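Peer 1: I'm passing along run26.pdb; it holds PDB, C-alpha atoms.
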```
ATOM      1  CA  MET J   1     111.751 101.996 109.711
ATOM      2  CA  HIS J   2     112.261 105.695 109.069
ATOM      3  CA  ARG J   3     115.138 107.608 107.461
ATOM      4  CA  THR J   4     118.035 109.786 108.510
ATOM      5  CA  MET J   5     119.057 111.933 105.567
ATOM      6  CA  THR J   6     122.291 113.901 105.503
ATOM      7  CA  ILE J   7     122.296 116.512 102.758
ATOM      8  CA  THR J   8     125.138 118.838 101.778
ATOM      9  CA  VAL J   9     124.207 121.872  99.674
ATOM     10  CA  PRO J  10     125.896 125.123  98.561
ATOM     11  CA  ALA J  11     125.581 127.873 101.160
ATOM     12  CA  ASP J  12     123.565 130.124  98.853
ATOM     13  CA  ARG J  13     120.763 127.523  98.738
ATOM     14  CA  THR J  14     120.588 126.904 102.461
ATOM     15  CA  HIS J  15     117.999 129.505 103.448
ATOM     16  CA  GLU J  16     115.358 128.471 100.900
ATOM     17  CA  LEU J  17     115.911 124.745 101.422
ATOM     18  CA  SER J  18     115.703 125.060 105.189
ATOM     19  CA  ARG J  19     112.413 126.904 104.824
ATOM     20  CA  ARG J  20     110.929 124.238 102.548
ATOM     21  CA  LEU J  21     112.074 121.286 104.623
ATOM     22  CA  ALA J  22     110.905 122.854 107.882
ATOM     23  CA  GLU J  23     107.409 123.187 106.435
ATOM     24  CA  MET J  24     107.119 119.464 105.622
ATOM     25  CA  ASP J  25     105.186 117.347 108.143
ATOM     26  CA  ALA J  26     107.204 114.267 107.156
ATOM     27  CA  VAL J  27     110.410 115.958 108.331
ATOM     28  CA  VAL J  28     110.194 115.286 112.069
ATOM     29  CA  SER J  29     113.456 116.995 112.999
ATOM     30  CA  LEU J  30     115.922 119.137 111.079
ATOM     31  CA  THR J  31     119.436 120.191 112.031
ATOM     32  CA  LEU J  32     121.620 122.628 110.096
ATOM     33  CA  SER J  33     125.414 122.831 110.393
ATOM     34  CA  ARG J  34     126.712 125.796 108.445
ATOM     35  CA  GLY J  35     130.023 125.319 106.652
ATOM     36  CA  ALA J  36     130.431 121.841 108.143
ATOM     37  CA  SER J  37     131.230 120.025 104.921
ATOM     38  CA  LEU J  38     134.722 120.176 103.445
ATOM     39  CA  LYS J  39     134.002 117.882 100.490
ATOM     40  CA  PRO J  40     131.874 118.990  98.833
ATOM     41  CA  PRO J  41     132.067 122.414 100.444
ATOM     42  CA  GLY J  42     128.791 123.648 101.862
ATOM     43  CA  ASP J  43     126.228 123.499 104.622
ATOM     44  CA  VAL J  44     124.953 120.205 106.011
ATOM     45  CA  PHE J  45     121.343 119.328 106.843
ATOM     46  CA  THR J  46     120.568 116.312 109.020
ATOM     47  CA  ALA J  47     116.902 115.381 108.741
ATOM     48  CA  HIS J  48     114.909 112.636 110.442
ATOM     49  CA  VAL J  49     112.284 111.852 107.843
ATOM     50  CA  LEU J  50     109.274 109.584 107.657
ATOM     51  CA  ASN J  51     109.317 107.126 104.760
ATOM     52  CA  ARG J  52     106.262 108.689 103.178
ATOM     53  CA  GLY J  53     108.092 112.005 102.837
ATOM     54  CA  ALA J  54     111.547 110.824 101.755
ATOM     55  CA  ASP J  55     110.796 111.219  98.040
ATOM     56  CA  ALA J  56     109.401 114.700  98.614
ATOM     57  CA  VAL J  57     112.576 115.733 100.444
ATOM     58  CA  LEU J  58     114.772 114.563  97.580
ATOM     59  CA  LYS J  59     112.517 116.319  95.069
ATOM     60  CA  GLN J  60     112.974 119.589  96.943
ATOM     61  CA  VAL J  61     116.736 119.149  97.104
ATOM     62  CA  GLU J  62     117.022 118.260  93.413
ATOM     63  CA  GLU J  63     114.771 121.140  92.359
ATOM     64  CA  LEU J  64     116.575 123.765  94.403
ATOM     65  CA  CYS J  65     120.204 122.606  94.278
ATOM     66  CA  PRO J  66     121.969 121.771  91.000
ATOM     67  CA  HIS J  67     124.893 120.412  93.022
ATOM     68  CA  PHE J  68     124.405 118.496  96.239
ATOM     69  CA  SER J  69     125.429 115.352  98.101
ATOM     70  CA  ALA J  70     123.000 113.192 100.065
ATOM     71  CA  THR J  71     123.091 109.968 102.051
ATOM     72  CA  THR J  72     120.299 107.945 103.621
ATOM     73  CA  SER J  73     120.365 105.494 106.499
ATOM     74  CA  GLU J  74     117.835 103.436 108.400
ATOM     75  CA  LEU J  75     116.416 104.939 111.576
ATOM     76  CA  SER J  76     115.017 102.402 114.047
ATOM     77  CA  ALA J  77     112.619 104.731 115.855
ATOM     78  CA  ILE J  78     111.582 108.372 116.143
ATOM     79  CA  LEU J  79     110.499 109.430 119.629
ATOM     80  CA  ASP J  80     108.720 112.754 119.373
ATOM     81  CA  PRO J  81     105.397 113.219 121.215
ATOM     82  CA  GLN J  82     104.473 116.174 119.017
ATOM     83  CA  ALA J  83     104.824 114.049 115.881
ATOM     84  CA  HIS J  84     103.268 110.921 117.401
ATOM     85  CA  ASP J  85     100.375 110.643 114.940
ATOM     86  CA  GLU J  86     102.567 111.256 111.897
ATOM     87  CA  VAL J  87     105.067 108.611 113.013
ATOM     88  CA  LEU J  88     102.305 106.047 113.580
ATOM     89  CA  ALA J  89     100.938 106.735 110.075
ATOM     90  CA  ASP J  90     104.263 106.136 108.334
ATOM     91  CA  VAL J  91     104.537 103.613 105.497
ATOM     92  CA  ASP J  92     107.027 100.913 104.490
ATOM     93  CA  GLU J  93     108.608 102.072 101.244
ATOM     94  CA  ALA J  94     112.165 101.996  99.958
ATOM     95  CA  LEU J  95     113.602 104.852  97.935
ATOM     96  CA  TRP J  96     114.567 104.116  94.341
ATOM     97  CA  GLU J  97     118.150 104.977  95.258
ATOM     98  CA  GLU J  98     118.167 102.414  98.080
ATOM     99  CA  ILE J  99     116.744  99.667  95.859
ATOM    100  CA  ALA J 100     119.253 100.501  93.126
ATOM    101  CA  ALA J 101     122.191 100.627  95.547
ATOM    102  CA  GLY J 102     121.225  97.292  97.119
ATOM    103  CA  LEU J 103     120.873  95.566  93.765
ATOM    104  CA  ARG J 104     124.094  97.116  92.479
ATOM    105  CA  HIS J 105     125.910  95.712  95.504
ATOM    106  CA  GLN J 106     124.443  92.241  94.955
ATOM    107  CA  ILE J 107     125.084  91.939  91.211
ATOM    108  CA  ARG J 108     128.502  93.522  90.817
ATOM    109  CA  VAL J 109     130.712  90.921  89.142
ATOM    110  CA  THR J 110     133.414  90.357  91.740
ATOM    111  CA  SER J 111     135.251  87.302  93.017
ATOM    112  CA  ASN J 112     132.706  87.070  95.849
ATOM    113  CA  PHE J 113     129.772  87.190  93.420
ATOM    114  CA  MET J 114     131.248  84.442  91.263
ATOM    115  CA  ALA J 115     132.146  82.335  94.306
ATOM    116  CA  LEU J 116     128.547  82.475  95.544
ATOM    117  CA  MET J 117     127.201  81.554  92.106
ATOM    118  CA  ALA J 118     129.680  78.665  91.940
ATOM    119  CA  LEU J 119     128.632  77.406  95.369
ATOM    120  CA  GLY J 120     125.016  77.689  94.290
ATOM    121  CA  GLY J 121     125.838  75.533  91.260
ATOM    122  CA  LEU J 122     127.441  72.881  93.450
ATOM    123  CA  LEU J 123     124.547  72.850  95.917
ATOM    124  CA  SER J 124     121.989  72.608  93.126
ATOM    125  CA  THR J 125     123.900  69.726  91.535
ATOM    126  CA  ILE J 126     123.736  67.867  94.832
ATOM    127  CA  GLY J 127     120.024  68.547  94.938
ATOM    128  CA  MET J 128     119.459  67.245  91.412
ATOM    129  CA  VAL J 129     120.962  63.844  92.289
ATOM    130  CA  SER J 130     119.243  63.609  95.667
ATOM    131  CA  GLY J 131     115.710  63.087  96.846
ATOM    132  CA  GLY J 132     113.456  63.869  99.765
ATOM    133  CA  THR J 133     114.675  66.210 102.477
ATOM    134  CA  PRO J 134     118.322  66.431 101.253
ATOM    135  CA  GLN J 135     117.084  67.610  97.871
ATOM    136  CA  VAL J 136     114.811  70.246  99.372
ATOM    137  CA  LEU J 137     117.571  71.523 101.650
ATOM    138  CA  ALA J 138     120.059  71.693  98.782
ATOM    139  CA  PHE J 139     117.673  73.713  96.597
ATOM    140  CA  VAL J 140     116.768  76.046  99.443
ATOM    141  CA  ALA J 141     120.435  76.624 100.269
ATOM    142  CA  ALA J 142     121.331  77.251  96.617
ATOM    143  CA  SER J 143     118.474  79.728  96.158
ATOM    144  CA  ILE J 144     119.587  81.728  99.197
ATOM    145  CA  VAL J 145     123.344  81.532  98.621
ATOM    146  CA  ALA J 146     123.509  82.313  94.902
ATOM    147  CA  PRO J 147     122.584  85.904  93.897
ATOM    148  CA  GLY J 148     120.594  84.698  90.902
ATOM    149  CA  PHE J 149     117.400  86.696  91.480
ATOM    150  CA  GLU J 150     118.939  90.143  91.730
ATOM    151  CA  PRO J 151     120.299  90.539  88.144
ATOM    152  CA  PHE J 152     116.822  89.982  86.696
ATOM    153  CA  ALA J 153     115.267  92.340  89.255
ATOM    154  CA  LYS J 154     117.821  94.962  88.216
ATOM    155  CA  VAL J 155     116.780  94.490  84.581
ATOM    156  CA  ALA J 156     113.207  95.307  85.591
ATOM    157  CA  LEU J 157     114.281  98.367  87.558
ATOM    158  CA  GLY J 158     116.374  99.623  84.657
ATOM    159  CA  LEU J 159     113.389  99.266  82.324
ATOM    160  CA  VAL J 160     111.003 101.094  84.656
ATOM    161  CA  VAL J 161     113.277 104.023  85.475
ATOM    162  CA  ARG J 162     114.783 104.077  81.970
ATOM    163  CA  GLN J 163     118.430 103.658  82.858
ATOM    164  CA  PRO J 164     120.440 102.011  80.044
ATOM    165  CA  LYS J 165     123.495 101.684  82.279
ATOM    166  CA  ALA J 166     121.500  99.659  84.816
ATOM    167  CA  LEU J 167     120.273  97.376  82.022
ATOM    168  CA  THR J 168     123.805  96.835  80.720
ATOM    169  CA  MET J 169     125.154  96.089  84.173
ATOM    170  CA  SER J 170     122.366  93.667  85.044
ATOM    171  CA  LEU J 171     122.543  91.752  81.761
ATOM    172  CA  TRP J 172     126.305  91.395  82.092
ATOM    173  CA  SER J 173     125.918  90.198  85.676
ATOM    174  CA  ALA J 174     123.292  87.631  84.662
ATOM    175  CA  ALA J 175     125.405  86.367  81.762
ATOM    176  CA  VAL J 176     128.596  85.973  83.802
ATOM    177  CA  GLY J 177     126.876  84.700  86.946
ATOM    178  CA  TYR J 178     124.818  82.024  85.245
ATOM    179  CA  ALA J 179     127.743  80.993  83.022
ATOM    180  CA  VAL J 180     129.756  80.310  86.183
ATOM    181  CA  PHE J 181     126.786  78.573  87.811
ATOM    182  CA  ILE J 182     126.149  76.285  84.828
ATOM    183  CA  ALA J 183     129.835  75.489  84.336
ATOM    184  CA  VAL J 184     130.310  74.537  87.981
ATOM    185  CA  ALA J 185     127.147  72.421  87.930
ATOM    186  CA  GLY J 186     128.444  70.495  84.928
ATOM    187  CA  LEU J 187     131.930  70.047  86.358
ATOM    188  CA  SER J 188     130.543  69.034  89.748
ATOM    189  CA  PHE J 189     128.347  66.352  88.206
ATOM    190  CA  TRP J 190     131.272  65.093  86.129
ATOM    191  CA  GLY J 191     133.481  64.965  89.225
ATOM    192  CA  LEU J 192     130.890  63.147  91.318
ATOM    193  CA  ARG J 193     130.481  60.534  88.583
ATOM    194  CA  LEU J 194     134.246  60.184  88.243
ATOM    195  CA  LEU J 195     134.516  59.493  91.977
ATOM    196  CA  GLY J 196     131.734  56.932  91.759
ATOM    197  CA  VAL J 197     129.564  58.885  94.197
ATOM    198  CA  VAL J 198     126.597  59.169  91.831
ATOM    199  CA  GLU J 199     125.323  57.541  88.647
ATOM    200  CA  VAL J 200     123.939  59.163  85.536
ATOM    201  CA  THR J 201     120.505  57.773  86.381
ATOM    202  CA  ASP J 202     120.538  59.640  89.703
ATOM    203  CA  PHE J 203     120.076  62.735  87.533
ATOM    204  CA  THR J 204     118.206  61.514  84.455
ATOM    205  CA  GLY J 205     115.797  59.444  86.556
ATOM    206  CA  ASN J 206     115.227  62.044  89.237
ATOM    207  CA  PRO J 207     111.532  62.986  89.550
ATOM    208  CA  GLU J 208     112.509  66.637  89.946
ATOM    209  CA  LEU J 209     113.898  66.648  86.408
ATOM    210  CA  ALA J 210     110.507  65.712  84.984
ATOM    211  CA  ARG J 211     108.804  68.433  87.015
ATOM    212  CA  LEU J 212     111.285  71.010  85.746
ATOM    213  CA  ALA J 213     110.797  69.981  82.134
ATOM    214  CA  ASN J 214     106.996  69.862  82.281
ATOM    215  CA  PRO J 215     105.777  72.338  84.893
ATOM    216  CA  THR J 216     102.088  72.360  85.702
ATOM    217  CA  ALA J 217     100.043  75.541  85.881
ATOM    218  CA  VAL J 218     100.201  75.320  89.675
ATOM    219  CA  GLU J 219     104.012  75.112  89.609
ATOM    220  CA  VAL J 220     104.241  78.120  87.290
ATOM    221  CA  LEU J 221     101.893  80.011  89.605
ATOM    222  CA  PHE J 222     104.160  79.074  92.521
ATOM    223  CA  SER J 223     107.160  80.600  90.737
ATOM    224  CA  ALA J 224     105.110  83.672  89.827
ATOM    225  CA  CYS J 225     104.221  84.170  93.478
ATOM    226  CA  GLY J 226     107.904  83.994  94.367
ATOM    227  CA  ALA J 227     108.844  86.571  91.725
ATOM    228  CA  LEU J 228     106.023  88.890  92.772
ATOM    229  CA  ALA J 229     106.876  88.527  96.455
ATOM    230  CA  GLY J 230     110.534  89.313  95.769
ATOM    231  CA  ALA J 231     109.580  92.541  94.015
ATOM    232  CA  VAL J 232     107.262  93.624  96.827
ATOM    233  CA  VAL J 233     109.880  92.776  99.461
ATOM    234  CA  MET J 234     112.455  95.017  97.782
ATOM    235  CA  ALA J 235     110.000  97.849  97.150
ATOM    236  CA  ALA J 236     108.729  97.703 100.736
ATOM    237  CA  TYR J 237     112.205  97.762 102.316
ATOM    238  CA  ARG J 238     111.697  94.305 103.847
ATOM    239  CA  GLU J 239     114.785  92.540 102.478
ATOM    240  CA  ARG J 240     115.241  90.489 105.641
ATOM    241  CA  VAL J 241     112.397  88.230 104.466
ATOM    242  CA  ILE J 242     113.383  87.930 100.800
ATOM    243  CA  ALA J 243     114.662  84.360 101.264
ATOM    244  CA  GLY J 244     111.107  83.033 101.145
ATOM    245  CA  ALA J 245     110.556  84.571  97.731
ATOM    246  CA  LEU J 246     113.816  83.171  96.351
ATOM    247  CA  VAL J 247     113.003  79.633  97.465
ATOM    248  CA  ALA J 248     109.703  79.692  95.561
ATOM    249  CA  LEU J 249     111.553  80.144  92.257
ATOM    250  CA  VAL J 250     113.220  77.358  90.253
ATOM    251  CA  LEU J 251     116.089  79.415  88.830
ATOM    252  CA  MET J 252     118.792  77.407  90.561
ATOM    253  CA  PRO J 253     117.621  73.828  89.817
ATOM    254  CA  ALA J 254     116.874  74.807  86.201
ATOM    255  CA  ALA J 255     120.336  76.323  85.703
ATOM    256  CA  ALA J 256     121.963  73.259  87.291
ATOM    257  CA  THR J 257     119.996  71.032  84.917
ATOM    258  CA  VAL J 258     121.517  72.875  81.966
ATOM    259  CA  GLY J 259     125.075  72.341  83.196
ATOM    260  CA  MET J 260     124.576  68.721  84.192
ATOM    261  CA  ALA J 261     122.885  67.865  80.882
ATOM    262  CA  LEU J 262     125.665  69.538  78.913
ATOM    263  CA  SER J 263     128.231  67.404  80.747
ATOM    264  CA  LEU J 264     126.366  64.345  79.414
ATOM    265  CA  ALA J 265     125.887  65.851  75.941
ATOM    266  CA  ARG J 266     122.153  65.522  76.524
ATOM    267  CA  TRP J 267     121.077  68.482  74.447
ATOM    268  CA  ASP J 268     117.397  67.687  74.917
ATOM    269  CA  LEU J 269     117.659  67.913  78.707
ATOM    270  CA  ALA J 270     119.839  71.020  78.480
ATOM    271  CA  TRP J 271     117.190  72.719  76.337
ATOM    272  CA  GLU J 272     114.434  71.764  78.768
ATOM    273  CA  GLY J 273     116.439  73.222  81.660
ATOM    274  CA  LEU J 274     117.117  76.378  79.654
ATOM    275  CA  GLU J 275     113.426  76.752  78.889
ATOM    276  CA  ARG J 276     112.505  76.562  82.574
ATOM    277  CA  LEU J 277     115.306  78.941  83.505
ATOM    278  CA  GLY J 278     114.045  81.378  80.876
ATOM    279  CA  LEU J 279     110.467  81.056  82.102
ATOM    280  CA  ASP J 280     111.353  81.903  85.703
ATOM    281  CA  ALA J 281     113.686  84.699  84.577
ATOM    282  CA  LEU J 282     110.871  86.226  82.511
ATOM    283  CA  LEU J 283     108.527  85.950  85.488
ATOM    284  CA  VAL J 284     111.037  87.836  87.649
ATOM    285  CA  VAL J 285     111.613  90.567  85.056
ATOM    286  CA  GLY J 286     107.951  90.945  84.166
ATOM    287  CA  LEU J 287     106.474  90.902  87.656
ATOM    288  CA  CYS J 288     109.234  93.060  89.137
ATOM    289  CA  ALA J 289     108.619  95.556  86.321
ATOM    290  CA  LEU J 290     104.906  95.479  87.158
ATOM    291  CA  VAL J 291     105.506  96.191  90.854
ATOM    292  CA  PHE J 292     108.173  98.831  90.208
ATOM    293  CA  GLY J 293     105.973 100.449  87.565
ATOM    294  CA  LEU J 294     103.053 100.710  89.981
ATOM    295  CA  LYS J 295     105.360 102.144  92.652
ATOM    296  CA  GLN J 296     106.639 104.716  90.198
ATOM    297  CA  ARG J 297     103.117 105.656  89.109
ATOM    298  CA  PHE J 298     101.492 105.916  92.519
ATOM    299  CA  VAL J 299     104.294 106.329  95.113
ATOM    300  CA  HIS J 300     107.606 107.779  93.899
ATOM    301  CA  ARG J 301     106.677 109.692  90.731
ATOM    302  CA  ARG J 302     110.280 110.638  89.974
ATOM    303  CA  ARG J 303     113.423 109.321  88.345
ATOM    304  CA  PRO J 304     116.128 108.122  90.735
ATOM    305  CA  LEU J 305     119.087 110.392  91.362
ATOM    306  CA  LEU J 306     121.597 107.622  90.635
TER     307      LEU J 306
END
```
For the file at hand, write its structure as structure tokens.

Peer 2:
Amino acid sequence: MHRTMTITVPADRTHELSRRLAEMDAVVSLTLSRGASLKPPGDVFTAHVLNRGADAVLKQVEELCPHFSATTSELSAILDPQAHDEVLADVDEALWEEIAAGLRHQIRVTSNFMALMALGGLLSTIGMVSGGTPQVLAFVAASIVAPGFEPFAKVALGLVVRQPKALTMSLWSAAVGYAVFIAVAGLSFWGLRLLGVVEVTDFTGNPELARLANPTAVEVLFSACGALAGAVVMAAYRERVIAGALVALVLMPAAATVGMALSLARWDLAWEGLERLGLDALLVVGLCALVFGLKQRFVHRRRPLL
């Protein structure tokens, strides 16, 4: 996918910016509407831009205009015979601002965020007292429903682009989200036992619990692949396929183990679940930071504008 960029700049910067943008091969088409913007006041550029040139466009705008407003949107196709070769050679990269905006939307602590984390806790609890296909389905559903990956990915992004506010926001989101998740998991397990639906041994004797507590090197590698894939998916603007990466991680079952063990006062099991949760969280932060760092070094080479 390519980009449509709408940029509002002061009128006294229009001539020079239009000259610079028109010279860029990655800018396939450029439209100028003088005086079209009321807030902020100024001239409006509408540019159809190839992904590989989106960072360069923003660099030009930031360098030339101390005050500006810009938006980006996804463009399905660019049909321009004169730019055919350039369009075919385009790349799949997300802007830092798009990654940051997407993560900010996912991790903001709202009633919807907490509801999804709570539902993830309930689904994971069901998985931890089940076996076979129902267990797999419950874990897959919890991993997709609960926004548990994104806070740790935001931590990595904040570290790479050196944004303390992003770090604060992501750590707060992780703390609140996983507190809700763990609490609901514990309460759900308590409620299911109270209703006589499950027994304590359905949890303590579940083979999945042993695998969580003592992961093999292959299982850790599996989680690492999920964390690495999630980072690449976000950086490559391919978020429609991120579910596969989330399922490979064990964040949700590990967090549910903590809550369920606490409801039994099994501190040993709670610690084991917390260890596995911490391991997968560190894999997400570390490998996302690696991918984002490489993207910053070789692709973007700039600090985000927000």

Peer 1: When distances are computed from all atoms listed in the file, which of J:Pro81, J:Gly226, J:Gly186, J:Pro147 shows the smallest separation from Val284 of chain J?

Peer 2: J:Gly226

Peer 1: Measuring between all atoms listed in the file, which one of J:Val241, J:Leu306, J:Leu123, J:Met114 shows the shortest distance to Ala101 of chain J?

Peer 2: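 Of J:Val241, J:Leu306, J:Leu123, J:Met114, the one nearest Ala101 of chain J is J:Leu306, counting all atoms listed in the file.
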
Peer 1: Applying the PyMOL selection byres ((chain J and resi 97) around 10) to the file I just gave you, which residues come out? Please list them as an MDAnalysis selection string.

Peer 2: chainID J and resid 71:72 94:96 98:103 303:306

Peer 1: Which residues fall under the PyMOL selection byres ((chain J and resi 124) around 6) in this file, as a list in words?

Peer 2: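 When the PyMOL selection byres ((chain J and resi 124) around 6) is applied to the shown file, the picked residues are Gly121, Leu122, Leu123, Thr125, Ile126, Gly127, Phe139, Ala142, Pro253 and Ala256 of chain J.
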
Peer 1: May I have the residues within 12 Å of Glu63 of chain J as a ChimeraX atom specification, using all atoms listed in the file and disregarding those fewer than 4 positions away in the same chain?

Peer 2: /J:9,13,16-17,20,56-59,67-68,302,305

Peer 1: Looking at only C-alpha atoms, which of J:Lys295, J:Ala235, J:Val184, J:Ala141 is the one that sits closest to Ala153 of chain J?

Peer 2: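 Answer, going by the shortest atom-to-atom distance: J:Ala235.
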
Peer 1: Please return as a ChimeraX atom specification every residue within 8 Å of (107.8, 104.0, 107.4), taking into account all atoms listed in the file and the file's own coordinates.

Peer 2: /J:1-2,50-52,87,89-93

Peer 1: Store the residues picked out above, limited to C-alpha atoms, as a PDB file, in the coordinates of the input.

Peer 2:
```pdb
ATOM      1  CA  MET J   1     111.751 101.996 109.711  1.00  0.00           C
ATOM      2  CA  HIS J   2     112.261 105.695 109.069  1.00  0.00           C
ATOM      3  CA  LEU J  50     109.274 109.584 107.657  1.00  0.00           C
ATOM      4  CA  ASN J  51     109.317 107.126 104.760  1.00  0.00           C
ATOM      5  CA  ARG J  52     106.262 108.689 103.178  1.00  0.00           C
ATOM      6  CA  VAL J  87     105.067 108.611 113.013  1.00  0.00           C
ATOM      7  CA  ALA J  89     100.938 106.735 110.075  1.00  0.00           C
ATOM      8  CA  ASP J  90     104.263 106.136 108.334  1.00  0.00           C
ATOM      9  CA  VAL J  91     104.537 103.613 105.497  1.00  0.00           C
ATOM     10  CA  ASP J  92     107.027 100.913 104.490  1.00  0.00           C
ATOM     11  CA  GLU J  93     108.608 102.072 101.244  1.00  0.00           C
TER      12      GLU J  93
END
```

Peer 1: Taking only C-alpha atoms into account, which of J:Leu282, J:Ala254, J:Leu116, J:Ala47 comes nearest Ala210 of chain J?

Peer 2: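 Ranked by minimum distance to Ala210 of chain J, first place goes to J:Ala254.
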